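Source file: work02.csv; contents: CSV, C-alpha atoms.
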```
chain,number,residue,atom,x,y,z
W,4,MET,CA,-16.4,8.4,7.6
W,5,LYS,CA,-15.4,4.9,6.6
W,6,ILE,CA,-11.7,5.0,5.7
W,7,ALA,CA,-9.7,2.2,4.0
W,8,ILE,CA,-6.1,2.2,5.0
W,9,PHE,CA,-3.8,1.1,2.2
W,10,SER,CA,-0.5,0.6,4.0
W,11,GLY,CA,2.8,-0.3,2.2
W,12,SER,CA,6.2,0.8,1.2
W,13,PHE,CA,5.0,2.0,-2.2
W,14,ASN,CA,8.6,1.6,-3.4
W,15,PRO,CA,7.4,3.2,-5.8
W,16,VAL,CA,3.6,3.5,-6.1
W,17,HIS,CA,2.5,2.0,-9.4
W,18,ASN,CA,-0.5,1.4,-11.6
W,19,GLY,CA,-1.5,-1.7,-9.8
W,20,HIS,CA,-1.8,0.2,-6.5
W,21,MET,CA,-3.9,2.8,-8.2
W,22,ALA,CA,-6.3,0.3,-9.8
W,23,ILE,CA,-7.0,-1.3,-6.5
W,24,ALA,CA,-7.5,2.0,-4.8
W,25,ARG,CA,-10.1,3.1,-7.4
W,26,GLU,CA,-12.0,-0.2,-7.1
W,27,VAL,CA,-12.2,0.1,-3.3
W,28,LEU,CA,-13.9,3.4,-3.7
W,29,ALA,CA,-16.0,2.5,-6.7
W,30,GLN,CA,-17.4,-0.6,-5.0
W,31,GLY,CA,-18.3,1.3,-1.9
W,32,ALA,CA,-16.0,-0.6,0.4
W,33,ALA,CA,-14.9,2.7,1.9
W,34,GLU,CA,-15.8,6.4,1.5
W,35,GLU,CA,-12.1,7.5,1.4
W,36,LEU,CA,-8.8,5.7,1.0
W,37,TRP,CA,-5.6,6.7,2.7
W,38,PHE,CA,-2.2,5.6,1.3
W,39,LEU,CA,-0.2,5.1,4.4
W,40,ILE,CA,3.5,5.1,3.4
W,41,SER,CA,5.5,2.8,5.6
W,42,PRO,CA,8.9,4.1,6.7
W,43,GLN,CA,10.1,0.6,7.5
W,44,ASN,CA,8.5,-2.9,7.1
W,45,PRO,CA,9.6,-5.3,9.9
W,46,LEU,CA,9.8,-8.1,7.3
W,47,LYS,CA,12.0,-6.2,4.8
W,48,ASN,CA,15.5,-4.6,4.6
W,49,GLU,CA,15.2,-0.9,5.2
W,50,GLY,CA,18.2,-0.4,3.0
W,51,ASP,CA,16.1,-1.4,0.0
W,52,LEU,CA,13.7,1.5,0.3
W,53,ILE,CA,13.7,4.7,-1.6
W,54,ALA,CA,13.7,7.6,0.9
W,55,GLU,CA,10.4,7.8,2.6
W,56,ASN,CA,9.8,11.5,1.8
W,57,GLU,CA,10.3,10.7,-1.9
W,58,ARG,CA,7.9,7.7,-1.7
W,59,LEU,CA,5.3,10.1,-0.1
W,60,LYS,CA,5.9,12.6,-2.8
W,61,MET,CA,5.3,10.0,-5.5
W,62,VAL,CA,2.0,9.0,-3.9
W,63,GLU,CA,0.9,12.6,-3.7
W,64,LEU,CA,1.7,13.0,-7.4
W,65,ALA,CA,-0.2,9.8,-8.3
W,66,ILE,CA,-3.4,10.8,-6.5
W,67,GLU,CA,-3.3,14.5,-7.5
W,68,ASN,CA,-6.4,14.2,-9.7
W,69,GLU,CA,-8.1,11.3,-7.8
W,70,VAL,CA,-11.2,11.9,-5.7
W,71,GLY,CA,-11.4,10.4,-2.2
W,72,MET,CA,-7.7,9.5,-1.9
W,73,LYS,CA,-5.1,10.9,0.6
W,74,ALA,CA,-1.4,10.4,1.0
W,75,SER,CA,-0.4,10.0,4.6
W,76,ASP,CA,2.9,10.2,6.5
W,77,PHE,CA,1.2,9.1,9.7
W,78,GLU,CA,3.6,6.2,10.3
W,79,PHE,CA,6.6,8.4,9.9
W,80,HIS,CA,5.9,9.7,13.4
W,81,LEU,CA,5.4,6.4,15.1
W,82,PRO,CA,8.0,4.2,16.8
W,83,ARG,CA,9.8,1.9,14.5
W,84,PRO,CA,9.4,-0.8,13.4
W,85,THR,CA,5.7,-0.1,12.8
W,86,TYR,CA,3.0,-2.8,13.0
W,87,ALA,CA,-0.5,-2.7,11.6
W,88,ILE,CA,-2.3,-3.1,14.9
W,89,ARG,CA,-0.3,-0.3,16.6
W,90,THR,CA,-0.9,2.0,13.6
W,91,LEU,CA,-4.6,1.3,13.6
W,92,GLU,CA,-4.9,1.9,17.3
W,93,ARG,CA,-3.2,5.2,17.0
W,94,LEU,CA,-5.3,6.2,14.0
W,95,LYS,CA,-8.4,5.4,16.0
W,96,VAL,CA,-7.3,7.6,18.9
W,97,THR,CA,-6.1,10.5,16.6
W,98,TYR,CA,-9.2,10.4,14.4
W,99,PRO,CA,-12.1,9.2,16.6
W,100,GLN,CA,-14.6,10.6,14.0
W,101,HIS,CA,-13.6,8.0,11.5
W,102,ALA,CA,-14.0,4.2,11.2
W,103,PHE,CA,-10.8,2.5,9.8
W,104,SER,CA,-10.5,-0.8,7.9
W,105,LEU,CA,-7.3,-2.3,6.7
W,106,LEU,CA,-6.9,-3.0,2.9
W,107,ILE,CA,-4.8,-6.1,2.1
W,108,GLY,CA,-4.2,-8.5,-0.7
W,109,GLY,CA,-5.4,-12.1,-0.8
W,110,ASP,CA,-1.8,-13.2,-0.4
W,111,ASN,CA,-1.6,-11.4,2.9
W,112,LEU,CA,-4.9,-12.8,4.0
W,113,ALA,CA,-3.5,-16.3,3.6
W,114,ILE,CA,-0.8,-15.5,6.2
W,115,ILE,CA,-2.8,-13.1,8.4
W,116,HIS,CA,-2.4,-15.6,11.3
W,117,LYS,CA,1.3,-14.6,11.4
W,118,TRP,CA,0.5,-11.0,12.0
W,119,ILE,CA,0.9,-9.5,15.5
W,120,GLU,CA,-2.6,-9.4,17.1
W,121,TYR,CA,-4.3,-10.3,13.8
W,122,GLN,CA,-7.5,-11.3,15.5
W,123,GLN,CA,-7.9,-7.8,17.1
W,124,ILE,CA,-7.2,-6.2,13.7
W,125,ILE,CA,-10.1,-8.2,12.1
W,126,ASP,CA,-12.5,-7.9,15.1
W,127,GLU,CA,-12.0,-4.2,15.9
W,128,PHE,CA,-11.2,-2.7,12.5
W,129,GLY,CA,-12.1,-5.3,9.8
W,130,LEU,CA,-10.4,-6.1,6.5
W,131,ILE,CA,-11.0,-5.2,2.9
W,132,VAL,CA,-9.4,-7.8,0.7
W,133,TYR,CA,-8.4,-7.5,-3.0
W,134,PRO,CA,-7.3,-10.4,-5.3
W,135,ARG,CA,-3.7,-11.1,-6.0
W,136,PRO,CA,-2.3,-13.4,-8.7
W,137,GLY,CA,-2.6,-17.0,-7.3
W,138,PHE,CA,-5.0,-15.8,-4.6
W,139,GLU,CA,-7.9,-14.7,-6.7
W,140,ASN,CA,-10.5,-16.9,-4.9
W,141,ASN,CA,-9.0,-16.8,-1.4
W,142,VAL,CA,-12.3,-16.4,0.5
W,143,ASN,CA,-11.3,-17.2,4.0
W,144,THR,CA,-14.6,-18.2,5.8
W,145,GLN,CA,-12.7,-18.6,9.1
W,146,PHE,CA,-13.1,-14.9,9.8
W,147,SER,CA,-16.0,-12.5,9.8
W,148,ASN,CA,-15.7,-8.7,9.3
W,149,ILE,CA,-14.0,-9.1,6.0
W,150,THR,CA,-15.1,-7.4,2.7
W,151,PHE,CA,-13.9,-8.9,-0.5
W,152,ILE,CA,-13.7,-6.6,-3.6
W,153,SER,CA,-13.0,-7.5,-7.2
W,154,ALA,CA,-10.1,-5.8,-8.9
W,155,PRO,CA,-8.0,-6.3,-12.0
W,156,LEU,CA,-5.0,-8.6,-11.5
W,157,ILE,CA,-2.2,-6.2,-12.5
W,158,ASP,CA,1.0,-8.0,-11.5
W,159,ILE,CA,3.4,-5.1,-11.5
W,160,SER,CA,6.6,-5.4,-9.5
W,161,ALA,CA,8.2,-2.4,-7.8
W,162,THR,CA,11.5,-4.3,-8.0
W,163,GLU,CA,11.1,-4.5,-11.8
W,164,ILE,CA,10.4,-0.8,-12.0
W,165,ARG,CA,13.6,0.0,-10.1
W,166,ARG,CA,15.6,-2.5,-12.3
W,167,ARG,CA,14.3,-0.7,-15.4
W,168,LEU,CA,15.2,2.6,-14.0
W,169,ALA,CA,18.7,1.5,-13.3
W,170,ASN,CA,19.0,0.1,-16.9
W,171,GLY,CA,17.5,3.2,-18.5
W,172,GLU,CA,14.4,1.3,-19.6
W,173,SER,CA,10.9,2.7,-19.9
W,174,ILE,CA,8.5,2.5,-17.0
W,175,SER,CA,5.8,4.6,-18.6
W,176,ARG,CA,3.1,1.8,-18.6
W,177,MET,CA,3.9,0.7,-15.1
W,178,VAL,CA,3.4,3.9,-13.0
W,179,PRO,CA,1.2,7.0,-13.2
W,180,GLU,CA,2.6,9.6,-15.7
W,181,ARG,CA,3.6,12.1,-12.9
W,182,VAL,CA,5.4,9.4,-11.0
W,183,ALA,CA,7.3,8.3,-14.2
W,184,LYS,CA,8.5,11.8,-14.7
W,185,PHE,CA,9.6,12.1,-11.1
W,186,LEU,CA,11.5,8.8,-11.2
W,187,GLU,CA,13.1,9.6,-14.6
W,188,VAL,CA,14.5,12.8,-13.1
W,189,ALA,CA,15.7,11.1,-9.9
W,190,LYS,CA,16.8,7.8,-11.5
W,191,TRP,CA,20.5,8.3,-10.6
W,192,ARG,CA,19.5,7.7,-7.0
W,193,PHE,CA,18.2,4.2,-7.7
W,194,GLY,CA,21.2,2.2,-8.8
W,195,GLU,CA,22.0,-1.4,-8.1
W,196,GLY,CA,22.8,-0.7,-4.5
W,197,ALA,CA,19.3,0.6,-3.8
W,198,MET,CA,17.5,-2.4,-5.1
W,199,GLY,CA,15.9,-5.3,-3.3
W,200,ASP,CA,12.7,-7.3,-3.4
W,201,CYS,CA,10.4,-4.8,-1.8
W,202,GLN,CA,7.0,-4.3,-3.4
```

Output the file's structure in the form of structure tokens.
Amino acid sequence: MKIAIFSGSFNPVHNGHMAIAREVLAQGAAEELWFLISPQNPLKNEGDLIAENERLKMVELAIENEVGMKASDFEFHLPRPTYAIRTLERLKVTYPQHAFSLLIGGDNLAIIHKWIEYQQIIDEFGLIVYPRPGFENNVNTQFSNITFISAPLIDISATEIRRRLANGESISRMVPERVAKFLEVAKWRFGEGAMGDCQ
């Protein structure tokens, strides 16, 4: 099966993530999409992250009624910090029956040359690229093995979601309903000290 790996902190998962995931499947870029929750991003301060098991739970809630989507804690069990190439290599060994591609935004494609062993990622696994605000037409002809999809430009910030929670403001239009309810109940955990610029 062709699997799209949507890797990120999902801090928290929001409607922008969900819209992209649906388009990947609707446009046939993959047969299944796995949300791979990152326990730690090497480029971000781990202290800014909501607890990883809570981020996993929110993704599970978000995709409860979605077809072809899976929440995965695969990276929770890998050495940290985790890097895309190492995760993809381990996935390939663990699930030899599947073919994996990495789903990234156009903003990340613009800096893909800064990633560890980026050429191997492209050559061996391939990329699925969705548009990001300011990078809508970022068609990089330098590389092959890249699939570009169209998707709505929903510019939702996880930082803004956490700020609203801390201030008692509504997030109902920013995240799936089940996630909003989860966060409203747990909002006392996400005060100013837990905020950063993670997305």

Hey, can you check how far CA of Asn148 (chain W) sits from CA of Phe103 (chain W)?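 Computed distance, CA of Asn148 (chain W) to CA of Phe103 (chain W), equals 12.2 Å.
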
Gap from CA of Val182 (chain W) to CA of Leu130 (chain W) - Å, one decimal: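 Answer for the CA of Val182 (chain W) to CA of Leu130 (chain W) separation: 28.2 Å.
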
For each of W:Glu57, W:Glu78, W:Glu163, W:Glu92, take the minimum atom-to-atom distance to Ala189 (chain W), counting all atoms listed in the file, then give the residue where this is smallest.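 Ranking W:Glu57, W:Glu78, W:Glu163, W:Glu92 by distance to Ala189 (chain W), first place goes to W:Glu57.
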
Have a look at CA of Arg89 (chain W) and CA of Pro15 (chain W) and let me know their distance in Å, one decimal.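 Computing it gives 23.9 Å between the two atoms.
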
Pick from W:Val16, W:Met177, W:Val188, W:Ala7 nearest to Gly31 (chain W), counting only C-alpha atoms: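 So, comparing all the options, the nearest one is W:Ala7.
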
Report, as lines of an AutoDock Vina configuration file, the axis-aligned box around all atoms of region 71-90 of chain W present in the file, extended by 8 Å on each side; give centre and edge lengths in Å to one decimal place.
```
center_x = -0.8
center_y = 3.9
center_z = 7.3
size_x = 37.2
size_y = 30.0
size_z = 35.0
```

Looking at W:Thr97, W:Leu112, W:Tyr86, W:Leu106, which one is nearest to Ile152 (chain W), with distances taken over all atoms listed in the file? W:Leu106

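If you count only C-alpha atoms and ignore residues fewer than 5 places along the chain from Leu156 (chain W), what sits within 9 Å of it is W:Gly19, W:Pro134, W:Arg135, W:Pro136, W:Glu139.
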
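Counting only C-alpha atoms and comparing W:Phe9, W:Glu55, W:Ala169, W:Glu63, the residue that lies closest to His80 (chain W) is W:Glu55.
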